[in-house]
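Student: Take a look at model.pdb, PDB, C-alpha atoms (C1' of nucleotides):
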ATOM      1  CA  MET A 711      75.514 -58.258  81.422
ATOM      2  CA  PRO A 712      78.236 -55.769  80.656
ATOM      3  CA  GLU A 713      77.687 -53.937  77.391
ATOM      4  CA  LEU A 714      79.648 -50.998  75.999
ATOM      5  CA  PRO A 715      78.784 -48.505  78.795
ATOM      6  CA  GLU A 716      79.557 -50.993  81.563
ATOM      7  CA  VAL A 717      82.861 -51.944  79.943
ATOM      8  CA  GLU A 718      83.710 -48.252  79.514
ATOM      9  CA  THR A 719      83.025 -47.743  83.215
ATOM     10  CA  VAL A 720      85.302 -50.653  84.082
ATOM     11  CA  VAL A 721      88.028 -49.154  81.856
ATOM     12  CA  GLN A 722      87.834 -45.800  83.626
ATOM     13  CA  THR A 723      87.899 -47.400  87.058
ATOM     14  CA  LEU A 724      90.766 -49.778  86.290
ATOM     15  CA  ARG A 725      92.790 -46.931  84.797
ATOM     16  CA  ARG A 726      92.776 -45.130  88.111
ATOM     17  CA  MET A 727      93.966 -48.220  89.958
ATOM     18  CA  ILE A 728      96.396 -50.315  87.957
ATOM     19  CA  ILE A 729      98.083 -48.169  85.304
ATOM     20  CA  ASN A 730     101.863 -48.605  85.388
ATOM     21  CA  LYS A 731     101.717 -51.624  87.637
ATOM     22  CA  LYS A 732     103.981 -54.499  86.721
ATOM     23  CA  ILE A 733     102.653 -58.040  86.623
ATOM     24  CA  ILE A 734     105.090 -60.430  88.222
ATOM     25  CA  LYS A 735     102.979 -63.565  88.141
ATOM     26  CA  VAL A 736      99.556 -64.875  87.157
ATOM     27  CA  GLU A 737      97.528 -67.786  88.454
ATOM     28  CA  VAL A 738      94.802 -69.479  86.396
ATOM     29  CA  PHE A 739      92.236 -71.629  88.184
ATOM     30  CA  TRP A 740      89.857 -72.315  85.283
ATOM     31  CA  ASN A 741      91.712 -72.999  82.062
ATOM     32  CA  ASN A 742      88.781 -72.301  79.736
ATOM     33  CA  ILE A 743      88.880 -68.622  80.655
ATOM     34  CA  ILE A 744      92.151 -68.371  78.701
ATOM     35  CA  ASP A 745      91.283 -68.478  74.994
ATOM     36  CA  LYS A 746      93.186 -68.773  71.684
ATOM     37  CA  ILE A 747      96.440 -69.440  73.552
ATOM     38  CA  THR A 748      97.658 -72.079  75.979
ATOM     39  CA  VAL A 749      97.627 -71.335  79.680
ATOM     40  CA  LYS A 750     101.353 -71.974  79.792
ATOM     41  CA  ASP A 751     102.069 -69.444  77.031
ATOM     42  CA  PHE A 752      99.740 -66.975  78.682
ATOM     43  CA  LYS A 753     101.575 -67.252  82.000
ATOM     44  CA  ASP A 754     104.997 -67.085  80.372
ATOM     45  CA  MET A 755     104.245 -64.135  78.112
ATOM     46  CA  ILE A 756     102.571 -61.985  80.728
ATOM     47  CA  LYS A 757     105.351 -62.237  83.262
ATOM     48  CA  ASN A 758     107.131 -58.926  83.974
ATOM     49  CA  GLN A 759     104.819 -56.993  81.653
ATOM     50  CA  LYS A 760     103.724 -53.539  82.750
ATOM     51  CA  ILE A 761     100.179 -52.261  82.225
ATOM     52  CA  ASN A 762     100.710 -49.071  80.255
ATOM     53  CA  GLU A 763      97.156 -48.234  79.200
ATOM     54  CA  ILE A 764      93.647 -49.608  79.381
ATOM     55  CA  THR A 765      91.026 -49.120  76.705
ATOM     56  CA  ARG A 766      88.270 -51.050  74.963
ATOM     57  CA  TYR A 767      86.696 -51.757  71.612
ATOM     58  CA  GLY A 768      82.992 -52.561  71.733
ATOM     59  CA  LYS A 769      82.666 -54.803  74.757
ATOM     60  CA  VAL A 770      86.272 -56.004  74.673
ATOM     61  CA  LEU A 771      88.599 -54.711  77.394
ATOM     62  CA  ILE A 772      92.126 -54.062  76.123
ATOM     63  CA  PHE A 773      95.153 -53.820  78.429
ATOM     64  CA  GLU A 774      98.228 -52.464  76.688
ATOM     65  CA  LEU A 775     101.297 -54.216  78.052
ATOM     66  CA  ASP A 776     104.947 -53.704  77.112
ATOM     67  CA  ASN A 777     105.021 -56.370  74.419
ATOM     68  CA  TYR A 778     101.427 -57.535  74.106
ATOM     69  CA  TYR A 779      97.808 -56.585  74.370
ATOM     70  CA  LEU A 780      95.740 -58.484  76.888
ATOM     71  CA  LEU A 781      92.150 -58.801  75.679
ATOM     72  CA  SER A 782      89.327 -59.592  78.071
ATOM     73  CA  HIS A 783      85.674 -60.226  77.301
ATOM     74  CA  LEU A 784      83.443 -60.253  80.389
ATOM     75  CA  ARG A 785      80.530 -61.952  78.572
ATOM     76  CA  MET A 786      77.661 -62.343  81.027
ATOM     77  CA  GLU A 787      79.042 -61.869  84.497
ATOM     78  CA  GLY A 788      82.784 -61.339  84.401
ATOM     79  CA  LYS A 789      84.225 -58.659  86.641
ATOM     80  CA  TYR A 790      87.537 -57.467  88.019
ATOM     81  CA  PHE A 791      88.446 -56.744  91.603
ATOM     82  CA  TYR A 792      91.562 -54.947  92.764
ATOM     83  CA  ASP A 793      92.828 -56.205  96.119
ATOM     84  CA  ASN A 794      95.410 -55.105  98.630
ATOM     85  CA  LYS A 795      95.706 -58.640  99.874
ATOM     86  CA  TYR A 796      95.530 -62.050  98.261
ATOM     87  CA  ILE A 797      91.963 -63.293  97.934
ATOM     88  CA  LYS A 798      90.980 -66.569  96.300
ATOM     89  CA  ASP A 799      87.364 -67.620  96.438
ATOM     90  CA  LYS A 800      85.109 -69.977  94.516
ATOM     91  CA  HIS A 801      84.459 -67.666  91.563
ATOM     92  CA  SER A 802      87.892 -66.093  91.180
ATOM     93  CA  HIS A 803      89.514 -67.754  88.182
ATOM     94  CA  VAL A 804      92.533 -65.621  87.274
ATOM     95  CA  ILE A 805      94.737 -63.673  89.695
ATOM     96  CA  PHE A 806      97.429 -61.228  88.576
ATOM     97  CA  TYR A 807     100.181 -60.441  91.083
ATOM     98  CA  PHE A 808     101.647 -56.936  90.892
ATOM     99  CA  ASP A 809     105.123 -55.955  92.041
ATOM    100  CA  ASP A 810     103.735 -53.739  94.812
ATOM    101  CA  ASN A 811     102.038 -56.672  96.528
ATOM    102  CA  THR A 812      98.550 -55.857  95.212
ATOM    103  CA  PHE A 813      96.378 -58.087  93.036
ATOM    104  CA  LEU A 814      93.955 -57.937  90.136
ATOM    105  CA  ARG A 815      91.394 -60.723  90.305
ATOM    106  CA  TYR A 816      89.081 -61.907  87.512
ATOM    107  CA  TYR A 817      85.788 -63.112  88.995
ATOM    108  CA  ASP A 818      83.067 -64.827  86.955
ATOM    109  CA  THR A 819      80.271 -66.945  88.434
ATOM    110  CA  ARG A 820      79.325 -68.538  85.129
ATOM    111  CA  LYS A 821      82.826 -68.821  83.686
ATOM    112  CA  PHE A 822      81.644 -67.489  80.316
ATOM    113  CA  GLY A 823      84.283 -64.769  80.065
ATOM    114  CA  LYS A 824      87.434 -65.062  77.972
ATOM    115  CA  ILE A 825      90.949 -63.644  78.298
ATOM    116  CA  SER A 826      93.564 -63.737  75.564
ATOM    117  CA  LEU A 827      96.812 -62.140  74.423
ATOM    118  CA  SER A 828      97.750 -60.524  71.135
ATOM    119  CA  LYS A 829     101.102 -59.454  69.764
ATOM    120  CA  LYS A 830     101.583 -55.708  69.733
ATOM    121  CA  ASP A 831     101.194 -55.202  65.983
ATOM    122  CA  GLU A 832      98.357 -57.696  65.515
ATOM    123  CA  LEU A 833      95.656 -56.364  67.823
ATOM    124  CA  PHE A 834      92.942 -56.044  65.218
ATOM    125  CA  ASN A 835      93.865 -59.384  63.682
ATOM    126  CA  HIS A 836      93.062 -61.084  66.966
ATOM    127  CA  PRO A 837      89.935 -63.298  66.783
ATOM    128  CA  PHE A 838      88.221 -61.202  69.487
ATOM    129  CA  LEU A 839      88.403 -58.129  67.228
ATOM    130  CA  ASN A 840      89.137 -59.060  63.643
ATOM    131  CA  LYS A 841      85.559 -59.247  62.379
ATOM    132  CA  MET A 842      84.068 -56.539  64.569
ATOM    133  CA  GLY A 843      81.833 -53.891  63.116
ATOM    134  CA  GLN A 844      82.117 -50.203  63.907
ATOM    135  CA  GLU A 845      80.794 -48.813  67.156
ATOM    136  CA  PRO A 846      77.591 -46.733  66.993
ATOM    137  CA  PHE A 847      79.733 -43.594  67.495
ATOM    138  CA  ASP A 848      81.555 -44.230  64.221
ATOM    139  CA  ILE A 849      79.278 -46.261  61.976
ATOM    140  CA  THR A 850      77.521 -44.534  59.081
ATOM    141  CA  LYS A 851      73.949 -45.180  58.004
ATOM    142  CA  GLU A 852      75.267 -46.408  54.660
ATOM    143  CA  ASN A 853      77.548 -48.914  56.362
ATOM    144  CA  LEU A 854      74.795 -50.218  58.640
ATOM    145  CA  TYR A 855      72.276 -50.379  55.806
ATOM    146  CA  GLN A 856      74.689 -52.225  53.542
ATOM    147  CA  LYS A 857      75.328 -54.800  56.294
ATOM    148  CA  ILE A 858      71.690 -55.525  57.108
ATOM    149  CA  HIS A 859      69.538 -54.848  54.059
ATOM    150  CA  HIS A 860      70.017 -58.340  52.608
ATOM    151  CA  LYS A 861      69.248 -60.102  55.901
ATOM    152  CA  ASN A 862      65.984 -61.865  56.542
ATOM    153  CA  ILE A 863      66.366 -62.076  60.313
ATOM    154  CA  ALA A 864      64.934 -59.835  63.037
ATOM    155  CA  ILE A 865      66.515 -56.391  63.385
ATOM    156  CA  LYS A 866      67.133 -57.125  67.055
ATOM    157  CA  THR A 867      69.244 -60.132  66.108
ATOM    158  CA  THR A 868      71.355 -58.156  63.629
ATOM    159  CA  LEU A 869      71.956 -55.340  66.119
ATOM    160  CA  LEU A 870      73.207 -57.886  68.668
ATOM    161  CA  ASP A 871      75.703 -59.213  66.096
ATOM    162  CA  GLN A 872      79.038 -57.589  66.961
ATOM    163  CA  HIS A 873      80.250 -58.154  63.391
ATOM    164  CA  ILE A 874      77.606 -55.695  62.217
ATOM    165  CA  ILE A 875      77.741 -53.075  64.971
ATOM    166  CA  ALA A 876      79.906 -53.284  68.086
ATOM    167  CA  GLY A 877      78.927 -52.658  71.686
ATOM    168  CA  LEU A 878      75.198 -53.263  71.968
ATOM    169  CA  GLY A 879      73.776 -56.097  74.060
ATOM    170  CA  ASN A 880      70.342 -57.222  75.106
ATOM    171  CA  ILE A 881      69.507 -54.239  77.327
ATOM    172  CA  TYR A 882      70.553 -51.409  75.032
ATOM    173  CA  VAL A 883      69.175 -52.970  71.872
ATOM    174  CA  ASP A 884      65.716 -53.055  73.456
ATOM    175  CA  GLU A 885      66.084 -49.420  74.482
ATOM    176  CA  VAL A 886      67.375 -48.307  71.080
ATOM    177  CA  LEU A 887      64.566 -50.034  69.175
ATOM    178  CA  PHE A 888      61.989 -48.513  71.507
ATOM    179  CA  LEU A 889      63.375 -45.007  70.957
ATOM    180  CA  ALA A 890      63.559 -45.609  67.200
ATOM    181  CA  LYS A 891      59.981 -46.932  67.248
ATOM    182  CA  ILE A 892      60.936 -50.167  65.522
ATOM    183  CA  HIS A 893      59.473 -53.558  66.427
ATOM    184  CA  PRO A 894      62.397 -55.874  67.297
ATOM    185  CA  GLU A 895      61.038 -58.650  65.060
ATOM    186  CA  THR A 896      61.003 -56.450  61.966
ATOM    187  CA  LYS A 897      62.966 -58.146  59.211
ATOM    188  CA  SER A 898      66.302 -56.385  58.800
ATOM    189  CA  SER A 899      65.758 -56.188  55.035
ATOM    190  CA  LEU A 900      62.757 -53.911  55.618
ATOM    191  CA  ILE A 901      64.709 -51.332  57.621
ATOM    192  CA  SER A 902      65.188 -48.157  55.586
ATOM    193  CA  ILE A 903      68.371 -46.143  55.410
ATOM    194  CA  GLU A 904      66.599 -43.397  57.362
ATOM    195  CA  GLN A 905      65.751 -45.912  60.074
ATOM    196  CA  CYS A 906      69.421 -46.951  60.136
ATOM    197  CA  GLN A 907      70.263 -43.352  60.963
ATOM    198  CA  LEU A 908      67.553 -43.314  63.616
ATOM    199  CA  ILE A 909      68.997 -46.483  65.158
ATOM    200  CA  ILE A 910      72.506 -44.971  65.165
ATOM    201  CA  ASP A 911      71.383 -41.632  66.625
ATOM    202  CA  ASN A 912      69.448 -43.306  69.410
ATOM    203  CA  ALA A 913      72.229 -45.782  70.125
ATOM    204  CA  ILE A 914      74.743 -42.935  70.534
ATOM    205  CA  ASP A 915      72.324 -41.103  72.791
ATOM    206  CA  VAL A 916      71.543 -44.103  74.985
ATOM    207  CA  LEU A 917      75.166 -45.212  75.256
ATOM    208  CA  ASN A 918      76.397 -41.732  76.142
ATOM    209  CA  LYS A 919      73.746 -41.310  78.810
ATOM    210  CA  ALA A 920      74.503 -44.746  80.224
ATOM    211  CA  ILE A 921      78.242 -44.016  80.298
ATOM    212  CA  ALA A 922      77.571 -40.740  82.097
ATOM    213  CA  LEU A 923      75.597 -42.640  84.733
ATOM    214  CA  GLY A 924      78.183 -45.390  85.128
ATOM    215  CA  GLY A 925      76.226 -48.037  83.248
ATOM    216  CA  THR A 926      73.259 -50.188  84.153
ATOM    217  CA  THR A 927      73.066 -52.361  87.243
ATOM    218  CA  ILE A 928      70.475 -55.124  87.038
ATOM    219  CA  ARG A 929      70.190 -58.719  88.153
ATOM    220  CA  SER A 930      73.527 -60.314  88.811
ATOM    221  CA  TYR A 931      75.481 -57.385  87.549
ATOM    222  CA  THR A 932      75.809 -55.633  90.894
ATOM    223  CA  SER A 933      78.646 -54.255  92.962
ATOM    224  CA  SER A 934      81.351 -55.269  90.550
ATOM    225  CA  LEU A 935      84.392 -53.169  90.049
ATOM    226  CA  GLY A 936      83.437 -49.936  88.390
ATOM    227  CA  VAL A 937      79.899 -51.055  87.730
ATOM    228  CA  SER A 938      77.274 -49.922  90.142
ATOM    229  CA  GLY A 939      75.655 -47.586  87.678
ATOM    230  CA  ARG A 940      72.383 -45.733  87.730
ATOM    231  CA  PHE A 941      71.147 -46.093  84.164
ATOM    232  CA  GLN A 942      68.651 -48.771  85.236
ATOM    233  CA  ASN A 943      66.554 -45.842  86.458
ATOM    234  CA  GLU A 944      66.441 -44.506  82.882
ATOM    235  CA  LEU A 945      65.329 -47.706  81.175
ATOM    236  CA  ASN A 946      62.123 -47.314  79.167
ATOM    237  CA  VAL A 947      61.287 -50.926  78.364
ATOM    238  CA  HIS A 948      63.953 -53.426  79.375
ATOM    239  CA  THR A 949      62.792 -55.353  82.493
ATOM    240  CA  LYS A 950      59.530 -53.353  82.448
ATOM    241  CA  ALA A 951      57.034 -56.097  81.510
ATOM    242  CA  ASN A 952      53.429 -55.138  82.371
ATOM    243  CA  GLN A 953      54.432 -51.608  83.310
ATOM    244  CA  PRO A 954      53.020 -48.672  81.347
ATOM    245  CA  CYS A 955      54.909 -47.440  78.299
ATOM    246  CA  PRO A 956      56.411 -44.029  79.168
ATOM    247  CA  ILE A 957      55.054 -42.657  75.869
ATOM    248  CA  CYS A 958      51.559 -44.125  75.457
ATOM    249  CA  GLN A 959      50.837 -45.889  78.789
ATOM    250  CA  GLN A 960      50.037 -49.213  77.098
ATOM    251  CA  PRO A 961      51.623 -52.118  78.993
ATOM    252  CA  ILE A 962      55.131 -53.152  77.963
ATOM    253  CA  ILE A 963      55.237 -56.764  76.843
ATOM    254  CA  LYS A 964      57.971 -59.372  76.973
ATOM    255  CA  ILE A 965      58.576 -61.740  74.066
ATOM    256  CA  LYS A 966      61.405 -63.956  72.833
ATOM    257  CA  VAL A 967      63.410 -62.962  69.789
ATOM    258  CA  ASN A 968      65.854 -65.615  68.671
ATOM    259  CA  GLY A 969      65.897 -66.950  72.220
ATOM    260  CA  ARG A 970      66.543 -63.576  73.860
ATOM    261  CA  GLY A 971      64.159 -61.987  76.314
ATOM    262  CA  THR A 972      62.855 -58.866  74.591
ATOM    263  CA  TYR A 973      60.782 -55.969  75.913
ATOM    264  CA  LEU A 974      58.740 -53.618  73.767
ATOM    265  CA  CYS A 975      55.636 -51.484  73.425
ATOM    266  CA  LEU A 976      53.369 -52.975  70.768
ATOM    267  CA  ASN A 977      51.641 -49.644  70.298
ATOM    268  CA  CYS A 978      54.779 -47.545  69.779
ATOM    269  CA  GLN A 979      56.841 -50.128  67.909
ATOM    270  CA  LYS A 980      55.008 -51.215  64.788
ATOM    271  CA  LYS A 981      56.232 -54.145  62.770
ATOM    272  CA  LEU A 982      56.784 -53.209  59.142
ATOM    273  CA  LEU A 983      54.974 -55.350  56.630
ATOM    274  CA  GLU A 984      56.453 -56.691  53.432
TER     275      GLU A 984
ATOM    276  C1'  DC B1097      76.712 -67.645  52.349
ATOM    277  C1'  DC B1098      72.556 -67.769  55.335
ATOM    278  C1'  DC B1099      70.307 -68.913  59.348
ATOM    279  C1'  DG B1100      68.785 -71.834  63.409
ATOM    280  C1'  DT B1101      70.279 -74.656  67.265
ATOM    281  C1'  DG B1102      73.073 -76.189  70.974
ATOM    282  C1'  DC B1103      76.813 -75.447  73.950
ATOM    283  C1'  DC B1104      79.425 -73.379  77.612
ATOM    284  C1'  DC B1105      78.144 -72.437  83.052
ATOM    285  C1'  DT B1106      75.818 -71.782  87.675
ATOM    286  C1'  DG B1107      72.767 -69.065  90.808
ATOM    287  C1'  DG B1108      68.172 -68.278  91.442
ATOM    288  C1'  DC B1109      63.516 -69.225  91.216
ATOM    289  C1'  DG B1110      58.954 -71.681  90.578
ATOM    290  C1'  DG B1111      56.568 -75.783  91.575
ATOM    291  C1'  DC B1112      55.420 -79.454  94.454
TER     292       DC B1112
ATOM    293  C1'  DT C 385      62.450 -76.870 104.092
ATOM    294  C1'  DG C 386      64.281 -79.338 100.236
ATOM    295  C1'  DC C 387      64.847 -80.980  95.846
ATOM    296  C1'  DC C 388      64.279 -80.870  90.953
ATOM    297  C1'  DG C 389      64.285 -78.781  86.627
ATOM    298  C1'  DC C 390      64.556 -74.938  84.020
ATOM    299  C1'  DC C 391      65.969 -70.397  82.696
ATOM    300  C1'  DA C 392      69.206 -66.367  81.762
ATOM    301  C1'  DG C 393      72.386 -65.151  77.711
ATOM    302  C1'  DG C 394      77.326 -63.477  74.330
ATOM    303  C1'  DG C 395      79.640 -65.565  71.114
ATOM    304  C1'  DC C 396      80.920 -69.331  68.482
ATOM    305  C1'  DA C 397      80.863 -74.148  66.346
ATOM    306  C1'  DC C 398      78.215 -76.861  63.602
ATOM    307  C1'  DG C 399      74.796 -78.520  60.372
ATOM    308  C1'  DG C 400      71.019 -78.255  57.072
TER     309       DG C 400
END
Please express what this file holds, its structure, as structure tokens.
Tutor:
Amino acid sequence: MPELPEVETVVQTLRRMIINKKIIKVEVFWNNIIDKITVKDFKDMIKNQKINEITRYGKVLIFELDNYYLLSHLRMEGKYFYDNKYIKDKHSHVIFYFDDNTFLRYYDTRKFGKISLSKKDELFNHPFLNKMGQEPFDITKENLYQKIHHKNIAIKTTLLDQHIIAGLGNIYVDEVLFLAKIHPETKSSLISIEQCQLIIDNAIDVLNKAIALGGTTIRSYTSSLGVSGRFQNELNVHTKANQPCPICQQPIIKIKVNGRGTYLCLNCQKKLLE
DNA sequence: CCCGTGCCCTGGCGGC
DNA sequence: TGCCGCCAGGGCACGG
């Protein structure tokens, strides 16, 4: 599942390939991929737009066009491929035609991803972005504390909430909480302001290392454009059930937190008591 | 407002 | 080998 480092890797790769290319046409094969706008409007608006820059906020890919921003959320398994010839297969749902006879293809086996358009001066009013929290690189401990200290739900659940902090997903939250020595089921209201700083510091560290290694490649997230990273070799707990904790050698366990598979070391990550 | 649940999807896997 | 059922999960709608 692409999280901030994987999306950053996709941004860097796409930049090298499709900056300054002009879109002359787009095909949509699964209408639900296009969100917050009709497919017809999407096709009409995107025609003859040039891709001037590519960036991201949190996990949202942002393509700066002449008159719009194209926003793309890969969700679980979305990926982009850049082709020199036209390819249409079962899982390719959106195909952009460029004026040099090359193609950008959105591929998504589970069809969870979303693509939308925003007017140029309304980017951060777009529903994909308008309630987003700060990224770990920018958030302050006061801001994080203020957003979570009244919550009675597990700290893991709050850290996955993009409205609180942007960019973390299931893999990196497990890693961050392990490094911060916090049990993922700890009630958010019991997290101290010092622990907020610890969470932020470790999140920055983990994300930067993952970006430097091109992200994490596990399960289905293999061989996609820009994402065949090596950070999976650096994971301490995620996917490591029954393997020894790198700190204390006790076996890593897997539990469910709010429906999400969660890995932790019970010895290193103590649950705070009321 | 707060929080839990179900939904969208389909490949892959365990069980028989 | 084949089929069935279930699971994975990011974000959002909905309901208590």
Student: Applying the PyMOL selection byres ((chain C) within 10 of (chain A)) to the file I just gave you, which residues come out? Please list them as a ChimeraX atom specification.
Tutor: /C:392-395
Student: So which residues are close to (88.4, -60.9, 90.5), meaning at most 8 Å away in the file's coordinates with only C-alpha atoms (C1' of nucleotides) counted, and can you show them as a VMD selection string?
Tutor: chain A and resid 789 to 792 801 to 805 814 to 818
Student: Can you tell me how far atom CA of A:Gln907 sits from atom CA of A:Gly877, in Å to one decimal?
Tutor: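 Atom CA of A:Gln907 sits 16.6 Å away from atom CA of A:Gly877.
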Student: Find the residues in chain B near chain A: any atom within 7 Å counts, using all atoms listed in the file. Write them as a list of chain:residue names.
Tutor: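 Every residue of chain B that passes the 7 Å test is in B:DC1104, B:DC1105, B:DT1106.
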Student: Apply the PyMOL selection byres ((chain A and resi 893) around 12) to the structure shown and report the selected residues as a ChimeraX atom specification.
Tutor: /A:864-867,883-892,894-898,900-901,905,909,963,965,967,972-983
Student: Leaving out B:DC1109 and any residue of its chain fewer than 5 positions from it, which residues lie within 12 Å of it when counting all atoms listed in the file, given as a CSV table (one decimal) with C-alpha atoms (C1' of nucleotides), in the frame of the given file?
Tutor:
chain,number,residue,atom,x,y,z
C,388,DC,C1',64.3,-80.9,91.0
C,389,DG,C1',64.3,-78.8,86.6
C,390,DC,C1',64.6,-74.9,84.0
C,391,DC,C1',66.0,-70.4,82.7
C,392,DA,C1',69.2,-66.4,81.8
Student: Which residues fall under the PyMOL selection byres ((chain C and resi 398) around 10) in this file, as a list in words?
Tutor: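 Checked against the file, the PyMOL selection byres ((chain C and resi 398) around 10) matches DT1101 and DG1102 of chain B; DC396, DA397, DG399 and DG400 of chain C.
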Student: Keeping C-alpha atoms (C1' of nucleotides) for every residue in the selection just given, could you write it to a file as a short mmCIF file (atom, residue, chain, number, x, y, z; two decimals), in the frame of the given file?
Tutor:
data_model
loop_
_atom_site.label_atom_id
_atom_site.label_comp_id
_atom_site.auth_asym_id
_atom_site.auth_seq_id
_atom_site.Cartn_x
_atom_site.Cartn_y
_atom_site.Cartn_z
"C1'" DT B 1101 70.28 -74.66 67.26
"C1'" DG B 1102 73.07 -76.19 70.97
"C1'" DC C 396 80.92 -69.33 68.48
"C1'" DA C 397 80.86 -74.15 66.35
"C1'" DG C 399 74.80 -78.52 60.37
"C1'" DG C 400 71.02 -78.26 57.07
#
Student: Nearest residue to A:Ile928 out of A:Ile849, A:Val721, A:Leu945, A:Ile874, using only C-alpha atoms?
Tutor: A:Leu945
Student: State, in Å with one decimal place, the distance from atom C1' of B:DG1108 to atom CA of A:Val947.
Tutor: 22.8 Å
Student: Distance atom CA of A:Ile734-atom CA of A:Val749, one decimal place?
Tutor: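 Atom CA of A:Ile734 sits 15.7 Å away from atom CA of A:Val749.
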